[in-house]
Structures are given as structure tokens and as C-alpha cells.
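Source file target.tsv; content: TSV, C-alpha atoms and all ligand atoms.
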chain	number	residue	atom	x	y	z
Z	1	MET	CA	-4.46	14.18	-16.29
Z	2	HIS	CA	-1.01	15.25	-15.11
Z	3	PRO	CA	1.27	15.88	-18.15
Z	4	ASP	CA	3.78	13.26	-16.94
Z	5	GLY	CA	1.12	10.59	-17.24
Z	6	GLU	CA	0.76	8.26	-20.20
Z	7	ARG	CA	-2.78	7.27	-19.23
Z	8	VAL	CA	-5.04	7.15	-16.22
Z	9	LEU	CA	-5.14	3.58	-14.95
Z	10	LEU	CA	-7.65	4.04	-12.14
Z	11	GLU	CA	-10.05	6.96	-12.00
Z	12	GLU	CA	-10.83	8.66	-8.72
Z	13	GLU	CA	-14.41	7.37	-8.71
Z	14	GLU	CA	-13.35	3.78	-9.47
Z	15	ILE	CA	-10.87	3.87	-6.58
Z	16	ARG	CA	-13.44	5.29	-4.20
Z	17	LYS	CA	-15.96	2.58	-5.10
Z	18	ARG	CA	-13.44	-0.22	-4.61
Z	19	VAL	CA	-12.10	1.25	-1.36
Z	20	ARG	CA	-15.65	1.37	-0.03
Z	21	GLU	CA	-16.18	-2.29	-0.99
Z	22	LEU	CA	-12.96	-3.28	0.76
Z	23	GLY	CA	-13.87	-1.29	3.87
Z	24	GLU	CA	-17.29	-2.90	4.06
Z	25	GLN	CA	-15.84	-6.37	3.52
Z	26	ILE	CA	-13.26	-5.79	6.26
Z	27	ALA	CA	-15.91	-4.45	8.64
Z	28	GLY	CA	-17.97	-7.60	8.05
Z	29	ASP	CA	-15.01	-9.89	8.61
Z	30	TYR	CA	-14.04	-8.15	11.86
Z	31	ALA	CA	-17.55	-7.78	13.24
Z	32	GLY	CA	-17.51	-7.71	17.04
Z	33	LYS	CA	-13.74	-7.09	17.13
Z	34	GLU	CA	-11.40	-4.14	17.31
Z	35	LEU	CA	-8.92	-3.68	14.53
Z	36	LEU	CA	-5.43	-2.21	14.48
Z	37	ALA	CA	-4.66	-0.89	11.00
Z	38	VAL	CA	-0.91	-0.64	10.43
Z	39	GLY	CA	-0.14	1.73	7.57
Z	40	ILE	CA	3.20	1.35	5.82
Z	41	LEU	CA	4.57	4.84	5.19
Z	42	LYS	CA	4.53	6.71	3.08
Z	43	GLY	CA	2.67	5.20	0.17
Z	44	ALA	CA	-0.24	3.71	2.11
Z	45	MET	CA	-1.14	6.96	3.85
Z	46	ILE	CA	-3.87	8.09	1.43
Z	47	PHE	CA	-5.36	4.62	1.02
Z	48	LEU	CA	-5.45	4.03	4.77
Z	49	ALA	CA	-7.11	7.39	5.41
Z	50	ASP	CA	-9.87	6.62	2.91
Z	51	LEU	CA	-10.22	2.94	3.83
Z	52	VAL	CA	-10.76	3.40	7.56
Z	53	ARG	CA	-13.68	5.73	6.90
Z	54	PHE	CA	-15.52	2.81	5.35
Z	55	ILE	CA	-14.78	0.42	8.23
Z	56	SER	CA	-17.59	0.55	10.76
Z	57	VAL	CA	-15.95	-1.51	13.55
Z	58	PRO	CA	-13.57	0.28	15.97
Z	59	VAL	CA	-10.26	0.94	14.21
Z	60	PHE	CA	-7.01	2.09	15.76
Z	61	PHE	CA	-4.06	3.07	13.60
Z	62	ASP	CA	-0.34	2.82	13.88
Z	63	PHE	CA	2.39	3.23	11.28
Z	64	MET	CA	5.66	1.71	10.21
Z	65	ALA	CA	8.22	3.01	7.77
Z	66	VAL	CA	10.64	0.61	6.14
Z	67	SER	CA	13.29	0.88	3.51
Z	68	SER	CA	14.46	-1.90	1.26
Z	69	TYR	CA	18.08	-1.96	0.21
Z	70	GLY	CA	19.07	-1.98	-3.45
Z	71	LYS	CA	15.55	-2.20	-4.77
Z	72	SER	CA	16.44	-1.20	-8.30
Z	73	THR	CA	19.65	-3.20	-8.46
Z	74	GLY	CA	18.25	-6.62	-7.71
Z	75	PRO	CA	17.03	-6.67	-4.14
Z	76	SER	CA	18.64	-8.88	-1.57
Z	77	GLY	CA	15.41	-8.83	0.36
Z	78	ALA	CA	16.98	-6.90	3.22
Z	79	VAL	CA	14.55	-4.49	4.79
Z	80	ARG	CA	15.33	-1.92	7.47
Z	81	ILE	CA	12.79	-0.49	9.90
Z	82	LEU	CA	12.95	3.30	9.83
Z	83	LYS	CA	9.99	3.80	12.13
Z	84	ASP	CA	8.49	1.11	14.30
Z	85	LEU	CA	5.04	0.75	15.84
Z	86	GLU	CA	4.28	2.79	18.90
Z	87	ARG	CA	2.39	0.06	20.67
Z	88	ASP	CA	2.65	-3.59	21.53
Z	89	ILE	CA	0.45	-5.65	19.23
Z	90	GLU	CA	0.33	-8.87	21.22
Z	91	GLY	CA	-3.27	-10.11	21.21
Z	92	CYS	CA	-4.42	-7.49	18.67
Z	93	HIS	CA	-6.16	-8.05	15.37
Z	94	VAL	CA	-3.68	-6.44	13.00
Z	95	LEU	CA	-4.35	-5.43	9.41
Z	96	VAL	CA	-1.30	-4.34	7.44
Z	97	VAL	CA	-2.28	-1.68	4.91
Z	98	GLU	CA	-0.06	-1.24	1.85
Z	99	ASP	CA	-0.40	0.80	-1.30
Z	100	ILE	CA	1.25	-1.78	-3.56
Z	101	VAL	CA	2.73	-5.26	-3.42
Z	102	ASP	CA	5.39	-5.55	-6.07
Z	103	THR	CA	8.23	-8.06	-5.49
Z	104	GLY	CA	6.60	-8.98	-2.18
Z	105	LEU	CA	9.91	-8.57	-0.31
Z	106	THR	CA	8.72	-5.72	1.91
Z	107	LEU	CA	5.52	-7.47	2.84
Z	108	SER	CA	7.21	-10.79	3.41
Z	109	TYR	CA	9.59	-9.15	5.86
Z	110	LEU	CA	6.82	-7.21	7.58
Z	111	VAL	CA	4.58	-10.22	8.03
Z	112	GLY	CA	7.42	-12.24	9.56
Z	113	ASN	CA	8.39	-9.40	11.83
Z	114	LEU	CA	4.85	-8.64	13.00
Z	115	GLN	CA	3.93	-12.30	13.39
Z	116	SER	CA	6.79	-12.69	15.88
Z	117	ARG	CA	5.07	-10.11	18.11
Z	118	ARG	CA	2.18	-12.54	18.61
Z	119	PRO	CA	-0.89	-10.66	17.37
Z	120	ALA	CA	-4.26	-12.39	17.73
Z	121	SER	CA	-4.50	-12.28	13.94
Z	122	LEU	CA	-2.58	-10.73	11.08
Z	123	LYS	CA	-3.99	-9.93	7.66
Z	124	VAL	CA	-2.88	-7.84	4.73
Z	125	CYS	CA	-4.77	-5.32	2.63
Z	126	THR	CA	-3.22	-3.69	-0.41
Z	127	LEU	CA	-4.73	-1.24	-2.84
Z	128	LEU	CA	-2.65	-2.46	-5.76
Z	129	ASP	CA	-1.11	-5.82	-6.56
Z	130	LYS	CA	1.48	-6.23	-9.32
Z	131	PRO	CA	1.90	-10.02	-9.48
Z	132	ALA	CA	4.11	-9.92	-12.58
Z	133	ARG	CA	7.00	-8.70	-10.42
Z	134	ARG	CA	6.62	-11.11	-7.49
Z	135	ARG	CA	9.83	-12.66	-6.15
Z	136	VAL	CA	8.48	-14.22	-2.98
Z	137	ASP	CA	5.08	-15.67	-2.22
Z	138	VAL	CA	2.99	-13.51	0.08
Z	139	VAL	CA	-0.60	-13.90	1.16
Z	140	VAL	CA	-2.77	-10.90	0.36
Z	141	ASP	CA	-6.13	-11.07	2.13
Z	142	TYR	CA	-7.71	-7.94	0.64
Z	143	ARG	CA	-6.69	-6.51	-2.72
Z	144	GLY	CA	-8.11	-3.49	-4.49
Z	145	PHE	CA	-6.84	-3.91	-8.02
Z	146	VAL	CA	-4.39	-6.06	-9.95
Z	147	VAL	CA	-2.20	-3.77	-12.05
Z	148	PRO	CA	0.04	-4.45	-15.05
Z	149	ASP	CA	3.83	-4.28	-14.86
Z	150	ARG	CA	4.04	-0.54	-15.51
Z	151	PHE	CA	5.34	2.33	-13.38
Z	152	VAL	CA	2.25	3.63	-11.63
Z	153	VAL	CA	1.98	6.76	-9.48
Z	154	GLY	CA	-0.72	8.73	-7.69
Z	155	TYR	CA	-3.06	8.12	-4.74
Z	156	GLY	CA	-0.05	7.75	-2.46
Z	157	LEU	CA	2.38	6.16	-4.90
Z	158	ASP	CA	5.39	8.18	-5.94
Z	159	TYR	CA	8.31	8.51	-8.27
Z	160	ASN	CA	11.09	10.42	-6.49
Z	161	GLU	CA	8.49	11.53	-3.92
Z	162	CYS	CA	6.37	13.21	-6.62
Z	163	TYR	CA	2.75	12.56	-7.63
Z	164	ARG	CA	1.58	11.12	-4.29
Z	165	ASN	CA	-1.19	13.72	-4.07
Z	166	LEU	CA	-2.86	12.87	-7.38
Z	167	PRO	CA	-6.39	11.62	-6.67
Z	168	TYR	CA	-6.13	8.96	-9.40
Z	169	VAL	CA	-3.54	6.34	-10.38
Z	170	MET	CA	-1.75	6.91	-13.66
Z	171	VAL	CA	0.93	5.15	-15.70
Z	172	LEU	CA	4.02	7.34	-15.74
Z	173	ARG	CA	5.49	8.19	-19.12
Z	174	PRO	CA	8.78	6.24	-19.45
Z	175	ALA	CA	10.58	9.43	-20.55
Z	176	VAL	CA	10.05	10.79	-17.04
Z	177	TYR	CA	11.95	8.05	-15.24
Z	178	LYS	CA	14.46	7.59	-18.03
Z	179	GLY	CA	15.91	11.03	-17.56
Z	180	GLY	CA	13.15	13.38	-18.66
Z	181	ASN	CA	12.04	16.38	-16.67
Z	182	LEU	CA	9.34	16.21	-14.06
Z	183	ASN	CA	6.44	18.59	-14.57
Z	184	VAL	CA	5.70	18.91	-10.90
R	201	LIG	C1	6.64	0.64	-1.83
R	201	LIG	C2	5.31	0.15	-1.31
R	201	LIG	C3	5.65	-1.09	-0.58
R	201	LIG	C4	6.84	-1.62	-1.34
R	201	LIG	C5	6.40	-2.71	-2.25
R	201	LIG	O1	7.27	1.40	-0.85
R	201	LIG	O2	4.70	1.09	-0.47
R	201	LIG	O3	5.98	-0.85	0.77
R	201	LIG	O4	7.38	-0.55	-2.10
R	201	LIG	O5	7.48	-3.19	-2.97
R	201	LIG	P1	7.98	-4.70	-2.89
R	201	LIG	O6	6.78	-5.58	-2.95
R	201	LIG	O7	8.85	-4.83	-4.11
R	201	LIG	O8	8.77	-4.87	-1.63
R	201	LIG	P2	8.50	2.34	-1.14
R	201	LIG	O9	9.76	1.65	-0.68
R	201	LIG	O10	8.48	2.82	-2.56
R	201	LIG	O11	8.25	3.54	-0.12
R	201	LIG	P3	7.05	4.59	-0.04
R	201	LIG	O12	5.83	3.83	0.46
R	201	LIG	O13	7.51	5.60	0.93
R	201	LIG	O14	6.82	5.15	-1.43
Show this structure as C-alpha cells.
Amino acid sequence: MHPDGERVLLEEEEIRKRVRELGEQIAGDYAGKELLAVGILKGAMIFLADLVRFISVPVFFDFMAVSSYGKSTGPSGAVRILKDLERDIEGCHVLVVEDIVDTGLTLSYLVGNLQSRRPASLKVCTLLDKPARRRVDVVVDYRGFVVPDRFVVGYGLDYNECYRNLPYVMVLRPAVYKGGNLNV
């Protein structure tokens, strides 16, 4: 394990198995349809790349990047679009792909925004769900794992843009985000 980790929360093999299950479940649910997977940058990039390889119906991808204001200081819920979709989604079956749902503020904004573009359907898939931190109710249609209220990194998730490339998910040692040095 990376020296900044306290413990591995999800092993590479465990993630792979669950991602396969999710992909197969999604493929079954969308049988006979085409799917537009919308990855939310940057965290969802690794999950989306692995997930779509287990979805056997036709899948197109697009991406959005958003930033939430004042996340650490008590979020107002304001979200800004940094990168929007490249295509019109009216009439499409859209699946939002996230790495983690935490307060739910990002997802709540995204769902409202995308819903207003009149897709044929809109569902949400997240690898990780941290319900202990939820501030707004959001519907999650596909969830990989429920995680405890700890700082988790790896498999796309970062702290200060580090650790995204780890193939597993680990709990970050508190000393790292409370002023310690990063061993990157
Ligand atoms: C993370 C994650 C979600 C959001 C979840 O993104 O990818 O988009 O936070 O948090 P919330 O439920 O409290 O809104 P982040 O802003 O860290 O950007 P990143 O994906 O580039 O790491």
C-alpha cells in the first residue's frame, strides 16, 4: 500500500468484481437501447473506463467538469460548470457516472441541470456512496460500495490531485491532510 495510506478499504480485485456486476446489471437494464454515459471529471474517469467495458449494449460517452464553491467551508450548494457536454442529450438515455456521492450537492445540481435538457431517461451510477455526509437527498440508481466517513483516495479519487492512479481505494492517513508531507 502507498505509505500515505492508513489502510486499504477496497482491494483492486474487489473493485473489479463489483464494477463487472454493475456493468452487467446496467447492460441488462438497458437491453435494446443505446446509452450515453456522462462521466464527471476528473474523479469518475477511471471508474467510467472500467465500467463501460462491462456494458454490452452500445455506449457513447461524454464528460462534464464541475466545481463546487466553498466545499470545505460549508457549501452553499453552488456548482459551476467548467466543461459542458459536447452533444445535445434530448431523447437520450443518460447515465451519470460519478466516483463518489458525498454531500450530494454536486449530483443534485447535475441531475436538475441534465433533466432540464429533456433526456429520454436519466439515471445515476456511483462507485462510492458516503451517506454519512449527505446534505441533500439524491437518488442513486447504481452504487458500487457504501463507504464510511473517512477521507478515501485512489481509483480516481484524489487529495490535492494526488493518488488518483492507485488501483485500489485507501483511507488516507489524517496526518497527510492535516499538514503532513505527501509521499507522492
Ligand atoms: C468529487 C466527486 C463528486 C463530488 C461529490 O469531485 O467526484 O463530483 O466531489 O461531492 P458532493 O456529493 O459533496 O457534491 P471533486 O469536486 O473532488 O472533483 P474531482 O472529481 O475532479 O476530484
Within 10 Å of Asp137 in chain Z, counting only C-alpha atoms, which residues show up once you throw out same-chain ones fewer than 4 positions away? Write them as JSON, numbers by chain, please. {"Z": [103, 104, 105, 107, 108, 131]}
Cut-off 7 Å, all atoms listed in the file, neighbours of ligand LIG 201 (chain R) as a list of chain:residue names: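 Going residue by residue within 7 Å of ligand LIG 201 (chain R), we get Z:Ile40, Z:Leu41, Z:Lys42, Z:Gly43, Z:Ala44, Z:Val66, Z:Ser67, Z:Ser68, Z:Glu98, Z:Asp99, Z:Ile100, Z:Val101, Z:Asp102, Z:Thr103, Z:Gly104, Z:Leu105, Z:Thr106, Z:Leu107, Z:Leu157, Z:Asp158.
If you look at CA of Tyr168 in chain Z and CA of Ala132 in chain Z, they are 21.7 Å away from each other.
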For Phe60 in chain Z, which residue out of Z:Leu127, Z:Gln115, Z:Val94, Z:Ser121 is the nearest one, using all atoms listed in the file?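 The closest residue to Phe60 in chain Z is Z:Val94.
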From the options Z:Val171, Z:Ile89, Z:Leu51, Z:Val146, which residue's atoms come nearest to Arg133 in chain Z, counting only C-alpha atoms? Z:Val146
So, with all atoms listed in the file as the atoms that count, which of Z:Val97, Z:Ala78, Z:Asp88, Z:Lys17 lies closest to Val52 in chain Z? Z:Val97
Just checking: using only C-alpha atoms, which residue out of Z:Glu90, Z:Glu14, Z:Asp50, Z:Asp4 ends up closest to Cys162 in chain Z? Z:Asp4
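Counting only C-alpha atoms and comparing Z:Val38, Z:Asp84, Z:Val19, Z:Val79, the residue that lies closest to Phe54 in chain Z is Z:Val19.
With all atoms listed in the file as the atoms that count, the residue of Z:Gln25, Z:Ala175, Z:Lys130, Z:Leu95 with the shortest distance to Pro148 in chain Z is Z:Lys130.
The coordinates place CA of Val138 in chain Z at 10.5 Å from CA of Gly112 in chain Z.
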Using all atoms listed in the file, what residues lie at most 6 Å away from (4.0, 8.7, -19.1) (file coordinates), given as number ranges by chain? Z: 4-6, 171-174
